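Asks: File my_file21.cif follows (mmCIF, C-alpha atoms and all ligand atoms):
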```
data_protein
#
loop_
_atom_site.label_atom_id
_atom_site.label_comp_id
_atom_site.auth_asym_id
_atom_site.auth_seq_id
_atom_site.Cartn_x
_atom_site.Cartn_y
_atom_site.Cartn_z
CA MET M 1 128.12 84.78 106.07
CA LYS M 2 125.54 83.23 103.75
CA ILE M 3 121.78 83.65 103.86
CA TYR M 4 119.81 80.83 102.26
CA ASP M 5 116.47 82.31 101.31
CA TRP M 6 113.95 83.16 98.59
CA PRO M 7 114.23 86.87 97.71
CA THR M 8 110.57 87.80 98.05
CA GLY M 9 109.57 85.36 100.79
CA PRO M 10 107.76 86.96 103.76
CA TYR M 11 110.00 85.41 106.42
CA PRO M 12 113.22 86.04 104.44
CA ALA M 13 112.02 89.64 104.08
CA ARG M 14 112.31 89.99 107.87
CA ILE M 15 116.03 89.25 107.69
CA ARG M 16 116.62 91.29 104.54
CA ILE M 17 114.99 94.29 106.25
CA ALA M 18 117.04 93.71 109.43
CA LEU M 19 120.26 93.46 107.38
CA ALA M 20 119.41 96.72 105.60
CA GLU M 21 118.59 98.46 108.89
CA LYS M 22 121.96 97.33 110.29
CA ASN M 23 123.76 98.15 107.01
CA LEU M 24 125.04 94.58 106.84
CA GLN M 25 123.90 93.57 103.35
CA SER M 26 127.46 93.68 101.98
CA SER M 27 128.51 91.20 104.69
CA VAL M 28 126.30 88.41 103.41
CA GLU M 29 126.00 86.30 100.26
CA PHE M 30 122.40 85.47 99.40
CA VAL M 31 121.89 81.89 98.18
CA PRO M 32 118.45 81.31 96.61
CA ILE M 33 116.68 78.11 97.63
CA ASN M 34 113.75 77.43 95.32
CA LEU M 35 111.02 76.35 97.69
CA TRP M 36 108.58 76.08 94.77
CA LYS M 37 110.70 73.11 93.66
CA GLY M 38 111.02 71.77 97.20
CA GLU M 39 114.75 72.53 97.45
CA HIS M 40 114.21 73.40 101.16
CA LYS M 41 113.15 69.83 101.83
CA THR M 42 116.20 68.07 100.36
CA PRO M 43 118.52 66.15 102.72
CA GLY M 44 121.30 68.63 102.02
CA PHE M 45 119.22 71.59 103.12
CA LEU M 46 117.60 69.75 106.02
CA ALA M 47 121.13 69.17 107.31
CA LYS M 48 121.42 72.97 107.56
CA ASN M 49 117.93 73.45 109.06
CA TYR M 50 116.05 70.49 110.53
CA SER M 51 112.78 72.45 110.14
CA GLY M 52 113.26 72.79 106.38
CA THR M 53 112.36 76.47 106.29
CA LEU M 54 113.90 79.70 105.00
CA PRO M 55 115.83 81.79 105.89
CA VAL M 56 118.96 80.17 107.27
CA LEU M 57 122.08 82.10 108.22
CA GLU M 58 125.29 80.09 107.70
CA LEU M 59 128.39 81.50 109.38
CA ASP M 60 131.84 81.21 107.80
CA ASN M 61 132.63 78.39 110.24
CA GLY M 62 129.64 76.39 108.94
CA ILE M 63 127.36 76.92 111.94
CA CYS M 64 123.76 77.44 110.76
CA LEU M 65 121.18 79.61 112.48
CA ALA M 66 117.50 79.33 111.52
CA GLU M 67 114.35 81.10 112.84
CA CYS M 68 113.92 84.77 111.98
CA THR M 69 113.87 85.96 115.57
CA ALA M 70 117.08 84.11 116.41
CA ILE M 71 118.84 85.36 113.28
CA THR M 72 117.77 88.94 114.02
CA VAL M 73 119.01 88.68 117.62
CA TYR M 74 122.36 87.49 116.29
CA LEU M 75 122.64 90.24 113.65
CA ASP M 76 121.54 92.89 116.14
CA ALA M 77 124.34 91.84 118.49
CA LEU M 78 126.93 92.01 115.70
CA VAL M 79 126.82 95.77 115.20
CA GLY M 80 125.43 98.65 117.22
CA GLU M 81 122.82 101.09 116.02
CA PRO M 82 120.01 100.92 115.29
CA THR M 83 119.03 98.44 117.99
CA LEU M 84 116.25 96.12 116.80
CA THR M 85 115.88 93.92 119.88
CA GLY M 86 115.83 96.48 122.68
CA ARG M 87 118.23 98.14 125.11
CA THR M 88 116.56 97.87 128.54
CA PRO M 89 115.24 94.65 130.11
CA LEU M 90 111.65 95.86 129.54
CA GLU M 91 112.29 96.81 125.90
CA LYS M 92 113.92 93.42 125.27
CA GLY M 93 111.02 91.57 126.86
CA MET M 94 108.35 93.62 125.12
CA ILE M 95 109.99 93.22 121.70
CA GLN M 96 110.27 89.46 122.16
CA MET M 97 106.63 89.23 123.27
CA MET M 98 105.27 91.35 120.41
CA THR M 99 107.44 89.59 117.83
CA LYS M 100 106.14 86.21 118.99
CA ARG M 101 102.58 87.63 118.98
CA ALA M 102 103.09 88.92 115.44
CA GLU M 103 104.07 85.38 114.40
CA ILE M 104 101.30 83.54 116.29
CA GLU M 105 98.46 85.97 115.59
CA MET M 106 99.31 87.06 112.05
CA LEU M 107 102.34 85.85 110.11
CA ASP M 108 102.26 82.14 110.98
CA ALA M 109 98.46 82.12 110.70
CA ILE M 110 98.63 83.50 107.15
CA SER M 111 101.33 80.95 106.35
CA VAL M 112 99.05 78.11 107.46
CA TYR M 113 96.23 79.60 105.32
CA PHE M 114 98.62 79.69 102.33
CA HIS M 115 99.78 76.11 102.76
CA HIS M 116 96.41 74.57 103.62
CA ALA M 117 93.62 76.61 102.01
CA THR M 118 95.34 77.65 98.77
CA PRO M 119 97.45 75.60 96.30
CA GLY M 120 100.44 76.78 98.36
CA LEU M 121 103.77 75.65 96.94
CA GLY M 122 102.03 73.12 94.73
CA PRO M 123 101.21 69.42 94.94
CA ASP M 124 104.86 68.33 94.78
CA VAL M 125 105.60 70.21 98.01
CA GLU M 126 102.27 70.34 99.88
CA HIS M 127 101.86 66.67 100.85
CA TYR M 128 99.09 67.29 103.36
CA GLN M 129 96.43 70.01 103.29
CA ASN M 130 93.46 70.72 105.56
CA ARG M 131 91.31 73.47 104.05
CA GLU M 132 89.18 73.95 107.18
CA TRP M 133 92.30 74.46 109.31
CA GLY M 134 93.68 76.89 106.76
CA LEU M 135 90.47 78.93 106.71
CA ARG M 136 90.40 79.04 110.54
CA GLN M 137 93.94 80.38 110.55
CA ARG M 138 93.00 82.99 107.96
CA ASP M 139 90.25 84.20 110.28
CA LYS M 140 92.73 84.17 113.17
CA ALA M 141 95.08 86.39 111.14
CA LEU M 142 92.23 88.85 110.47
CA ARG M 143 91.56 89.02 114.22
CA GLY M 144 95.29 89.56 114.73
CA MET M 145 95.22 92.51 112.34
CA HIS M 146 92.49 94.10 114.46
CA TYR M 147 94.57 93.45 117.58
CA PHE M 148 97.62 95.21 116.12
CA ASP M 149 95.38 98.03 114.93
CA GLY M 150 94.32 98.51 118.54
CA VAL M 151 97.94 98.45 119.72
CA LEU M 152 98.87 101.13 117.21
CA ARG M 153 96.07 103.40 118.40
CA LYS M 154 98.01 103.67 121.68
CA GLN M 155 101.64 103.67 120.52
CA SER M 156 103.72 104.50 117.46
CA PHE M 157 105.35 101.12 116.89
CA ILE M 158 104.41 97.50 117.49
CA ALA M 159 106.47 97.11 120.69
CA GLY M 160 106.44 100.71 121.94
CA GLU M 161 107.88 104.03 120.83
CA ALA M 162 110.77 102.79 118.67
CA PHE M 163 111.08 100.70 115.48
CA SER M 164 112.07 97.14 116.33
CA MET M 165 112.18 93.48 115.30
CA ALA M 166 108.47 93.34 116.23
CA ASP M 167 107.60 95.89 113.51
CA ILE M 168 109.60 93.86 111.01
CA ALA M 169 107.61 90.74 111.94
CA VAL M 170 104.29 92.51 111.28
CA ILE M 171 105.69 93.86 108.00
CA GLY M 172 106.36 90.21 107.15
CA GLY M 173 102.69 89.59 107.85
CA PHE M 174 101.71 92.36 105.43
CA ILE M 175 103.98 90.86 102.77
CA PHE M 176 102.41 87.42 103.21
CA ALA M 177 98.89 88.91 103.27
CA ALA M 178 99.59 90.62 99.95
CA ALA M 179 101.06 87.43 98.50
CA VAL M 180 97.88 85.46 99.29
CA LYS M 181 95.62 88.41 98.38
CA LEU M 182 94.26 88.67 101.93
CA PRO M 183 93.24 92.34 102.30
CA ILE M 184 93.92 94.26 105.52
CA PRO M 185 90.46 95.29 106.78
CA GLN M 186 89.84 98.94 105.89
CA GLU M 187 88.65 99.63 109.45
CA CYS M 188 92.18 98.87 110.64
CA SER M 189 93.11 102.47 109.89
CA ALA M 190 95.86 102.74 112.53
CA LEU M 191 97.51 99.57 111.24
CA LEU M 192 97.28 100.77 107.64
CA ALA M 193 98.71 104.19 108.61
CA TRP M 194 101.57 102.46 110.44
CA PHE M 195 102.36 100.35 107.34
CA ALA M 196 102.39 103.49 105.19
CA ARG M 197 104.85 105.02 107.67
CA MET M 198 106.99 101.84 107.62
CA GLN M 199 107.31 102.19 103.84
CA GLU M 200 109.10 105.49 104.39
CA ARG M 201 112.07 103.40 105.63
CA PRO M 202 114.49 102.56 102.78
CA SER M 203 114.95 99.04 104.21
CA VAL M 204 111.24 98.34 103.80
CA ARG M 205 110.78 100.17 100.49
CA GLU M 206 113.70 98.27 98.93
CA GLN M 207 112.31 94.93 100.07
CA LEU M 208 108.82 95.64 98.73
CA ALA M 209 110.34 96.65 95.38
CA ILE M 210 112.05 93.28 94.77
CA VAL M 211 110.52 91.62 91.71
CA PRO M 212 109.62 87.98 92.45
CA PRO M 213 112.06 85.69 90.58
CA LYS M 214 110.60 83.09 88.20
CA HIS M 215 110.13 79.81 90.04
N1 LIG L 301 109.54 79.90 112.09
C1 LIG L 301 110.29 80.08 110.86
C2 LIG L 301 109.32 80.07 109.69
C3 LIG L 301 110.01 80.26 108.37
C4 LIG L 301 109.15 79.93 107.16
O1 LIG L 301 108.04 79.39 107.25
N2 LIG L 301 109.68 80.27 105.98
C5 LIG L 301 109.02 80.00 104.70
C6 LIG L 301 109.70 80.84 103.64
S1 LIG L 301 108.64 81.98 102.88
O2 LIG L 301 107.34 81.30 102.66
O3 LIG L 301 108.47 83.07 103.84
O4 LIG L 301 109.27 82.38 101.66
C7 LIG L 301 109.22 78.57 104.32
O5 LIG L 301 110.32 78.07 104.46
N3 LIG L 301 108.17 77.94 103.76
C8 LIG L 301 108.37 76.67 103.17
C9 LIG L 301 107.49 75.60 103.80
O6 LIG L 301 106.88 75.91 104.84
O7 LIG L 301 107.44 74.52 103.21
C10 LIG L 301 111.12 81.36 110.93
O8 LIG L 301 110.74 82.26 111.71
O9 LIG L 301 112.14 81.48 110.23
#
```
Output the file's structure in the form of structure tokens.
Ligand SMILES: N[C@@H](CCC(=O)N[C@@H](CS(=O)(=O)O)C(=O)NCC(=O)O)C(=O)O
Replies:
Amino acid sequence: MKIYDWPTGPYPARIRIALAEKNLQSSVEFVPINLWKGEHKTPGFLAKNYSGTLPVLELDNGICLAECTAITVYLDALVGEPTLTGRTPLEKGMIQMMTKRAEIEMLDAISVYFHHATPGLGPDVEHYQNREWGLRQRDKALRGMHYFDGVLRKQSFIAGEAFSMADIAVIGGFIFAAAVKLPIPQECSALLAWFARMQERPSVREQLAIVPPKH
């Protein structure tokens, strides 16, 4: 299997963490796609992923899977423990809901802020920007951080009492927030304590230690 990604990208980090949790890193070849040069928008790459985003999982038979949640569901089904997408119907539903909420309320919102209210990937890649929209999404992400702080005052992990794909999605949000220098509000003490606890996991620590390649 091949993973087309950018080593320190927030969304690719979600898959790198999932691979490490499932002990599958040796089963994949990482192929860097330099999004700073727009390599993810070339016809060749768009043929692999219509949406032109990273990461993409390419199976040995050439089938390509994009979207972090979909890739994680696939990897989780490949090998057993630890389960990242739930065992019971309720766990599965809750993890899907909280992963989607992590994207809508935090990760995707920060991504929009990055692409629209900062220089983003640069003028050769960012062909349209709307600063007001980007700033609104930044504020949405800050509200999302408060939401997840409230969730973590009632439970140990994002989707309940076990580490899951939903935690990995919020970790992706932290990685993007750090990349755009968007601080987590200090009053979000439960969220900050949860992130400190997440960094005790080798899969997370290793990802955060990757030095960004020159682009
Ligand atoms: N919904 C997609 C979003 C993926 C995404 O936005 N990936 C970023 C990569 S990174 O910013 O996290 O490194 C990207 O391709 N951005 C390039 C672009 O949006 O032009 C998913 O879940 O995989």
Asks: Dump as a Markdown table the rows for residues of segment 109-209 of chain M within 10 Å of segment 75-88 of chain M: closest atom pair and distance in Å with one decimal, all atoms listed in the file counted, ordered by chain and rising residue number.
Replies:
```
| residue | atom | partner | partner_atom | distance |
| --- | --- | --- | --- | --- |
| M:Ala159 | CA | M:Gly86 | CA | 9.6 |
| M:Ala162 | CA | M:Leu84 | CA | 8.8 |
| M:Phe163 | CA | M:Leu84 | CA | 7.0 |
| M:Ser164 | CA | M:Leu84 | CA | 4.3 |
| M:Met165 | CA | M:Leu84 | CA | 5.1 |
| M:Ala166 | CA | M:Thr85 | CA | 8.3 |
| M:Asp167 | CA | M:Leu84 | CA | 9.3 |
| M:Ile168 | CA | M:Leu84 | CA | 9.1 |
```
Asks: Could you list, as a PyMOL selection string, every residue within 12 Å of segment 56-63 of chain M, counting all atoms listed in the file and ignoring same-chain residues fewer than 4 positions away?
Replies: chain M and resi 1-6+11-12+14-16+19+27-33+40+45-52+67-75
Asks: Which residues are close to Gly172 of chain M, i.e. within 12 Å by all atoms listed in the file, leaving aside same-chain residues fewer than 6 positions away? Reply as a PyMOL selection string.
Replies: chain M and resi 8-18+68+99+102-103+106-111+165-166+178-179+195+198+204+207-208
Asks: Could you check how far atom CA of Lys41 of chain M sits from atom O2 of ligand LIG 301 (chain L), in Å to one decimal?
Replies: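 These two atoms are separated by 12.9 Å.
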Asks: Ranking M:Met145, M:Phe176, M:Ile158, M:Ile171 by minimum distance to ligand LIG 301 (chain L) and counting all atoms listed in the file, which one comes first?
Replies: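 Once distances to ligand LIG 301 (chain L) are computed over all atoms listed in the file, the minimum belongs to M:Phe176.
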Asks: Between atom CA of Leu191 of chain M and atom CA of Arg136 of chain M, what is the distance, to one decimal in Å?
Replies: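 These atoms are spaced 21.7 Å apart.
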Asks: Restricting the calculation to only C-alpha atoms and all ligand atoms, which member of M:Leu121, M:Val151, M:Ala169, M:Leu54 is positioned closest to ligand LIG 301 (chain L)?
Replies: M:Leu54
Asks: By how many Å are atom CA of Ser203 of chain M and atom CA of Gln25 of chain M apart?
Replies: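 Straight-line distance from atom CA of Ser203 of chain M to atom CA of Gln25 of chain M works out to 10.5 Å.
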Asks: Would you mind putting N, CA and C atoms back on segment 170-183 of chain M and writing the result as an mmCIF file, in the coordinates of the input?
Replies:
```cif
data_model
loop_
_atom_site.group_PDB
_atom_site.id
_atom_site.type_symbol
_atom_site.label_atom_id
_atom_site.label_comp_id
_atom_site.auth_asym_id
_atom_site.auth_seq_id
_atom_site.Cartn_x
_atom_site.Cartn_y
_atom_site.Cartn_z
ATOM 1 N N VAL M 170 105.623 92.157 111.792
ATOM 2 C CA VAL M 170 104.290 92.510 111.280
ATOM 3 C C VAL M 170 104.381 92.916 109.808
ATOM 4 N N ILE M 171 105.474 93.557 109.420
ATOM 5 C CA ILE M 171 105.690 93.860 108.000
ATOM 6 C C ILE M 171 105.740 92.561 107.200
ATOM 7 N N GLY M 172 106.376 91.537 107.771
ATOM 8 C CA GLY M 172 106.360 90.210 107.150
ATOM 9 C C GLY M 172 104.941 89.705 106.975
ATOM 10 N N GLY M 173 104.100 89.978 107.953
ATOM 11 C CA GLY M 173 102.690 89.590 107.850
ATOM 12 C C GLY M 173 101.988 90.318 106.715
ATOM 13 N N PHE M 174 102.288 91.597 106.548
ATOM 14 C CA PHE M 174 101.710 92.360 105.430
ATOM 15 C C PHE M 174 102.165 91.776 104.091
ATOM 16 N N ILE M 175 103.442 91.414 104.011
ATOM 17 C CA ILE M 175 103.980 90.860 102.770
ATOM 18 C C ILE M 175 103.290 89.543 102.436
ATOM 19 N N PHE M 176 103.082 88.697 103.456
ATOM 20 C CA PHE M 176 102.410 87.420 103.210
ATOM 21 C C PHE M 176 100.940 87.667 102.865
ATOM 22 N N ALA M 177 100.308 88.609 103.558
ATOM 23 C CA ALA M 177 98.890 88.910 103.270
ATOM 24 C C ALA M 177 98.739 89.354 101.818
ATOM 25 N N ALA M 178 99.656 90.170 101.351
ATOM 26 C CA ALA M 178 99.590 90.620 99.950
ATOM 27 C C ALA M 178 99.811 89.448 99.006
ATOM 28 N N ALA M 179 100.733 88.573 99.375
ATOM 29 C CA ALA M 179 101.060 87.430 98.500
ATOM 30 C C ALA M 179 99.866 86.492 98.330
ATOM 31 N N VAL M 180 99.052 86.354 99.379
ATOM 32 C CA VAL M 180 97.880 85.460 99.290
ATOM 33 C C VAL M 180 96.597 86.260 99.034
ATOM 34 N N LYS M 181 96.776 87.535 98.702
ATOM 35 C CA LYS M 181 95.620 88.410 98.380
ATOM 36 C C LYS M 181 94.599 88.450 99.518
ATOM 37 N N LEU M 182 95.122 88.536 100.743
ATOM 38 C CA LEU M 182 94.260 88.670 101.930
ATOM 39 C C LEU M 182 94.276 90.154 102.324
ATOM 40 N N PRO M 183 93.209 90.888 102.054
ATOM 41 C CA PRO M 183 93.240 92.340 102.300
ATOM 42 C C PRO M 183 93.248 92.677 103.792
#
```
